[in-house]
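K.L.:
So that we are looking at the same thing, I have put the structure below in structure tokens.
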Protein chains: 2
Amino acid sequence: MSVSGKMLQFMESGSWIRKMFEEGARLKQIHGIENVFDFSLGNPNVPPPDIVQEKLLQVVQEAVPGKHGYMPNAGLSETRSAVAAYLCRQHRVSLAAGNIVATCGAAGGLNIIFKSLLDPGDEVLVPAPYFVEYGFYADNHGGILKTAPTKEDFTLDLHAMENAVGPRTKIVLINSPNNPTGQIYSADSLMALGEILTRKSSQYGRTIYLVSDEPYRKIVFDRSPVPCVFSHYPNSLIATSYSKDLSLPGERIGFVAVHPEAEDVQSLMGALALANRILGFVNAPGLMQRLIIGLQGICVDVEIYRRKRDRLVAGLKEAGYDLIVPPGAFYLFPKSPIPDDVQFVRILLEELILVVPGSGFGGPGHFRIAYCVDDGTIERALPGFRRAMNRAKAAG
Amino acid sequence: MSVSGKMLQFMESGSWIRKMFEEGARLKQIHGIENVFDFSLGNPNVPPPDIVQEKLLQVVQEAVPGKHGYMPNAGLSETRSAVAAYLCRQHRVSLAAGNIVATCGAAGGLNIIFKSLLDPGDEVLVPAPYFVEYGFYADNHGGILKTAPTKEDFTLDLHAMENAVGPRTKIVLINSPNNPTGQIYSADSLMALGEILTRKSSQYGRTIYLVSDEPYRKIVFDRSPVPCVFSHYPNSLIATSYSKDLSLPGERIGFVAVHPEAEDVQSLMGALALANRILGFVNAPGLMQRLIIGLQGICVDVEIYRRKRDRLVAGLKEAGYDLIVPPGAFYLFPKSPIPDDVQFVRILLEELILVVPGSGFGGPGHFRIAYCVDDGTIERALPGFRRAMNRAKAAG
């Protein structure tokens, strides 16, 4: 009895992504890294745009007194101003630097939001399928994760959402473009969700906040628009990062933006900065804060991801897989050809293909393919996907 | 009722450091920045050693595939190996990369330790005076901070420590060199503390962990040795950062090291990596992990801090202040000439001198001077310190 009971339990249950990672490492050792097709991790394989390296060299060489020193917990004012100005242009909202907190990625952002808003037993409602870490983030701060189903095509089921909002709901958390489905929530559905939350806040006599986790906002194809929560509900926050659009996930830089008309906005901004401090982030990494000042709006070439998606979608459809063609992110979430997705993931494993069971995302009967891998991996994996489908059909 | 009850309460009570920061900003606006003597913040004023900039340019220019990508939650293996090798040489322990987790500074390190070890209601015992953030860190993870007094000279009072260890004590946390006192705990006292913890662990039938928070380890004067907990107790962990020895506090880089013979060490390492992930750190900032590989053992010129200490100690003693000459860190913790330290801090404020009341560190009747400021500030503040002493004496 050394490690805390809860952490022991977390470690025993493990995460599916982690399990696949470990199984993958084992298989790679046996069969050679080039013969294992690893679609288990959302680690962007497209390198950062060239301008990232240019700007990085520039900020490293800049002579600024106290450059690596402590700063306000909410971040550098230049960084917060640059982010606010960009959001103003993009979303036609009237945001100021004071509405922004620089964070240790979106994961850090969600944790400071949950720390700031949740009282013990408060609920965080998320449409499923969802990113599995949300459950941990809510639990860290005494919250409880609840889910509501989405429609067949993974768009918001507003009726299900409305039914799931209860007297303990403090936060509704959405993730669009979505991990694991790649789906985007439409402006109409966000508007309807905003109306539901206004009505429910009034019914229960407490403010329900809408939090939008959107690290994949710029990873969209065919000019698909990604509507902004700020246009549809005042008590809303955005948490995001530069991990995917600049391919910098290891550098841990992102931000939280709070709607300027959110209730108690001053108090909330103070709480977010305090949470950044006391959770041990203190401030988002300083050099990365300086880096992103000049990189607002920059993104990797999403055509690279679109081509991967299209090749994989074509190959999988040809092999008989049933899937939604996702407008964003770099994931596919096909139906498992047999009801037991964990069993099907085992069949894929025998073909040396690593994917994650949908059960791990609250989406059983599906599996997630992270296609942020090189083209050769996709090409060489397709025959294995076909054989697995045939075996599943034969068994069924 | 938007922000959580606990965070609202935290914000209302505020921290003394924060209050002084705000009061300082107000005074600087009225009197001009050069006329306010700000000793309230532990933000190193000595720039990083030149080699930091050299190495930083080098790691930024290195071509490494996936350089800014995700990595294991515990950190880069090269970073963990470099830290382990350095600790082996320094402390003659047999540490491997597997005993190290790269962290978002020491604050991040303490949070993942507390998350990994504390069950609800578990106690963290700390000798007072202590760094005020510890209370938040324990509370974040359901723990309760308890304190035991130190001796008159701020060295460990082993009798008081022994009496304070109870059936719910899970962690004893020490900080040497200490913030706010600058005191260092001797090898003898660590050995005795180790014996107490072995006895108490056996008495209560549960392992008590000794955690050493030591970001000031290299900021020591007159060759004062800083004994290592690893030599005195197997169930021990070190949390530290490069914030002070490399003057990089804004970059958020540090590590946790676990004694190789700690109980359940494998499980504990797994828990620390998992905590790094689920608390939202994910991994310590990647570029900074690469930076510190080649900077093991490097430190700013501590003679600069020693001269500041000596000048200030001489000036304050001359003015009649009663203080211990601290062997490390960059803080002085003099006695307040009147019993009410908050009142005396107000008297100093009238002299445009900003310090922090000892009450804010569990050390009432004292005040903290962070002397990591330029020499001119020290010189020009001394007459004000003298006048404040005279006014306090006159009032007393």
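We label chains A, B, ... in the order they appear in the structure tokens, count residues from 1 in each chain, and number ligands from 1 in the order shown.
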From a DSSP calculation on the backbone, collect every residue of range 69-288 of chain A in alpha helix (DSSP H) and output the set as a VMD selection string.

P.N.:
chain A and resid 77 to 91 105 to 117 133 to 140 158 to 164 187 to 204 265 to 278 286 to 288

K.L.:
Contacts of range 161-163 of chain A at 12 Å or less, counting only C-alpha atoms, minus same-chain residues fewer than 5 places along, as a PyMOL selection string?

P.N.:
chain A and resi 124-128+146-151+155-156+169+172-174+189-190+192-201

K.L.:
Which residues, written as a list of chain:residue names, have at least one atom at most 8 Å from Val300 in chain A, with only C-alpha atoms counted and residues fewer than 5 positions away on the same chain left out?

P.N.:
A:Val46, A:Pro47, A:Pro48, A:Pro49, A:Asp245, A:Leu246, A:Ser247

K.L.:
Selection from above, N, CA and C atoms, as a PDB file, in the first residue's frame, can you write it?

P.N.:
ATOM      1  N   VAL A  46       3.467  14.705 -39.606  1.00  0.00           N
ATOM      2  CA  VAL A  46       3.870  15.807 -40.477  1.00  0.00           C
ATOM      3  C   VAL A  46       4.741  16.757 -39.646  1.00  0.00           C
ATOM      4  N   PRO A  47       5.952  17.092 -40.135  1.00  0.00           N
ATOM      5  CA  PRO A  47       6.811  17.975 -39.328  1.00  0.00           C
ATOM      6  C   PRO A  47       6.216  19.388 -39.228  1.00  0.00           C
ATOM      7  N   PRO A  48       6.649  20.181 -38.236  1.00  0.00           N
ATOM      8  CA  PRO A  48       6.149  21.556 -38.114  1.00  0.00           C
ATOM      9  C   PRO A  48       6.431  22.337 -39.401  1.00  0.00           C
ATOM     10  N   PRO A  49       5.594  23.317 -39.744  1.00  0.00           N
ATOM     11  CA  PRO A  49       5.880  24.174 -40.901  1.00  0.00           C
ATOM     12  C   PRO A  49       7.262  24.822 -40.738  1.00  0.00           C
ATOM     13  N   ASP A 245      -1.844  21.629 -35.011  1.00  0.00           N
ATOM     14  CA  ASP A 245      -1.713  22.510 -36.185  1.00  0.00           C
ATOM     15  C   ASP A 245      -0.268  22.915 -36.433  1.00  0.00           C
ATOM     16  N   LEU A 246       0.567  22.955 -35.395  1.00  0.00           N
ATOM     17  CA  LEU A 246       1.996  23.231 -35.611  1.00  0.00           C
ATOM     18  C   LEU A 246       2.859  21.985 -35.379  1.00  0.00           C
ATOM     19  N   SER A 247       2.233  20.844 -35.120  1.00  0.00           N
ATOM     20  CA  SER A 247       2.975  19.591 -34.852  1.00  0.00           C
ATOM     21  C   SER A 247       4.001  19.773 -33.723  1.00  0.00           C
TER      22      SER A 247
END

K.L.:
Quick check for you: according to DSSP on this backbone, which residues of range 293-380 of chain A are classed as strand (DSSP E or B)? Reply as a count of residues only.

P.N.:
13

K.L.:
Using only C-alpha atoms, can you tell me which of B:Gly166, B:Pro337, B:Gly205, B:Pro215 comes closest to chain A?

P.N.:
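Of the candidates, the smallest distance to chain A is held by B:Gly205.
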
K.L.:
Would you list the contacts of range 324-331 of chain A as a PyMOL selection string, taking every protein, DNA or RNA residue within 6 Å and counting only C-alpha atoms, but skipping same-chain residues closer than 6 positions in sequence?

P.N.:
chain A and resi 177+180+182-183+216+219-221+369-372

K.L.:
The selected residues should be written to file as a JSON list (two decimals), in the first residue's frame (atoms: N, CA and C atoms).

P.N.:
[["chain", "number", "residue", "atom", "x", "y", "z"],
["A", 177, "PRO", "N", -13.28, 19.56, -34.32],
["A", 177, "PRO", "CA", -13.34, 18.19, -34.82],
["A", 177, "PRO", "C", -12.98, 17.18, -33.71],
["A", 180, "PRO", "N", -12.50, 10.50, -31.06],
["A", 180, "PRO", "CA", -11.93, 9.68, -32.14],
["A", 180, "PRO", "C", -12.66, 9.71, -33.47],
["A", 182, "GLY", "N", -13.53, 12.30, -35.78],
["A", 182, "GLY", "CA", -13.24, 13.26, -36.84],
["A", 182, "GLY", "C", -14.44, 14.11, -37.21],
["A", 183, "GLN", "N", -15.57, 13.93, -36.53],
["A", 183, "GLN", "CA", -16.78, 14.67, -36.85],
["A", 183, "GLN", "C", -16.68, 16.13, -36.36],
["A", 216, "TYR", "N", -8.00, 20.26, -32.84],
["A", 216, "TYR", "CA", -8.02, 19.89, -34.26],
["A", 216, "TYR", "C", -8.73, 20.93, -35.13],
["A", 219, "ILE", "N", -7.27, 21.30, -38.46],
["A", 219, "ILE", "CA", -7.07, 20.08, -39.26],
["A", 219, "ILE", "C", -8.42, 19.67, -39.84],
["A", 220, "VAL", "N", -8.84, 20.40, -40.89],
["A", 220, "VAL", "CA", -10.13, 20.13, -41.53],
["A", 220, "VAL", "C", -9.94, 20.08, -43.04],
["A", 221, "PHE", "N", -10.85, 19.34, -43.71],
["A", 221, "PHE", "CA", -10.70, 19.08, -45.14],
["A", 221, "PHE", "C", -11.88, 19.66, -45.89],
["A", 369, "ILE", "N", -8.67, 4.46, -35.93],
["A", 369, "ILE", "CA", -7.44, 4.45, -36.71],
["A", 369, "ILE", "C", -6.86, 5.86, -36.68],
["A", 370, "ALA", "N", -5.67, 6.04, -36.11],
["A", 370, "ALA", "CA", -4.99, 7.34, -36.17],
["A", 370, "ALA", "C", -4.11, 7.28, -37.42],
["A", 371, "TYR", "N", -4.51, 8.01, -38.46],
["A", 371, "TYR", "CA", -3.79, 7.88, -39.74],
["A", 371, "TYR", "C", -2.72, 8.95, -39.93],
["A", 372, "CYS", "N", -2.25, 9.53, -38.85],
["A", 372, "CYS", "CA", -1.13, 10.48, -38.90],
["A", 372, "CYS", "C", 0.18, 9.68, -38.96]]

K.L.:
Name the closest residue to Gly69 in chain B among the candidates A:Arg252, A:Arg223, A:Arg309, A:Arg290; distances are taken between atoms, counting only C-alpha atoms.

P.N.:
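Checking each of A:Arg252, A:Arg223, A:Arg309, A:Arg290 against Gly69 in chain B, counting only C-alpha atoms, the winner is A:Arg252.
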
K.L.:
Env of Leu268 in chain B: 12 Å cut, atoms = only C-alpha atoms, seq-sep filter 3 positions within chain, self excluded. Answer as JSON, numbers by chain.

P.N.:
{"A": [1, 2, 3, 4, 5, 7, 8, 11], "B": [74, 98, 99, 100, 101, 112, 113, 114, 115, 116, 117, 118, 209, 235, 236, 237, 256, 257, 258, 259, 260, 261, 262, 263, 264, 265, 271, 272, 273, 274, 275]}

K.L.:
For CA of Glu62 in chain B and CA of Tyr242 in chain A, determine how far apart the two atoms are, in Å to one decimal place.

P.N.:
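Answer for the CA of Glu62 in chain B to CA of Tyr242 in chain A separation: 21.1 Å.
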
K.L.:
Do you know which residues are at most 9 Å from Val52 in chain B counting only C-alpha atoms, after dropping those on the same chain fewer than 2 positions away, and could you put them as a list in words?

P.N.:
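The filter keeps Pro48, Pro49, Asp50, Glu54, Lys55, Leu56, Leu57, Leu246, Leu291, Ile292, Leu295 and Ile298 of chain B.
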
K.L.:
Can you spit out the residues from that selection as a PDB file, in the first residue's frame, using C-alpha atoms?

P.N.:
ATOM      1  CA  PRO B  48      21.456  31.985 -17.060  1.00  0.00           C
ATOM      2  CA  PRO B  49      25.115  30.955 -17.499  1.00  0.00           C
ATOM      3  CA  ASP B  50      26.366  31.648 -21.070  1.00  0.00           C
ATOM      4  CA  GLU B  54      24.946  28.038 -26.473  1.00  0.00           C
ATOM      5  CA  LYS B  55      23.310  24.696 -25.744  1.00  0.00           C
ATOM      6  CA  LEU B  56      19.861  26.088 -26.448  1.00  0.00           C
ATOM      7  CA  LEU B  57      20.928  27.217 -29.927  1.00  0.00           C
ATOM      8  CA  LEU B 246      20.188  27.803 -14.382  1.00  0.00           C
ATOM      9  CA  LEU B 291      18.586  21.340 -23.273  1.00  0.00           C
ATOM     10  CA  ILE B 292      19.391  19.987 -19.826  1.00  0.00           C
ATOM     11  CA  LEU B 295      23.919  20.993 -18.593  1.00  0.00           C
ATOM     12  CA  ILE B 298      26.053  23.634 -14.312  1.00  0.00           C
TER      13      ILE B 298
END

K.L.:
So how far away is CA of Leu352 in chain B from CA of Lys28 in chain B, in Å?

P.N.:
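Calculated distance between CA of Lys28 in chain B and CA of Leu352 in chain B is 8.8 Å.
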
K.L.:
Using Å and a single decimal, report how far CA of Phe255 in chain A sits from CA of Val60 in chain B.

P.N.:
23.1 Å

K.L.:
Name the residues in contact with Gly363 in chain B at a cut-off of 12 Å, using only C-alpha atoms, excluding same-chain residues fewer than 6 positions from it; report them as a PyMOL selection string.

P.N.:
chain B and resi 127-132+147-154+179-181+333-336+339-342+356-357

K.L.:
Nearest to chain B: which of A:Leu248, A:Leu382, A:Leu145, A:Met191 is it, counting only C-alpha atoms?

P.N.:
A:Leu248

K.L.:
Nearest to Asn43 in chain A: which of A:Ala381, A:Met288, A:Met389, A:Val373 is it, counting only C-alpha atoms?

P.N.:
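Under the stated criterion, the closest residue is A:Val373.
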
K.L.:
Nearest residue to Gly42 in chain A out of B:Ala82, B:Pro249, B:Tyr70, B:Asp157, using only C-alpha atoms?

P.N.:
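With only C-alpha atoms as the atom set, the closest residue is B:Tyr70.
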
K.L.:
Go through A:Val282, A:Val313, A:Ala388, A:Cys88 and flag the residue nearest chain B, using only C-alpha atoms for the distances.

P.N.:
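Nearest to chain B: A:Val282.
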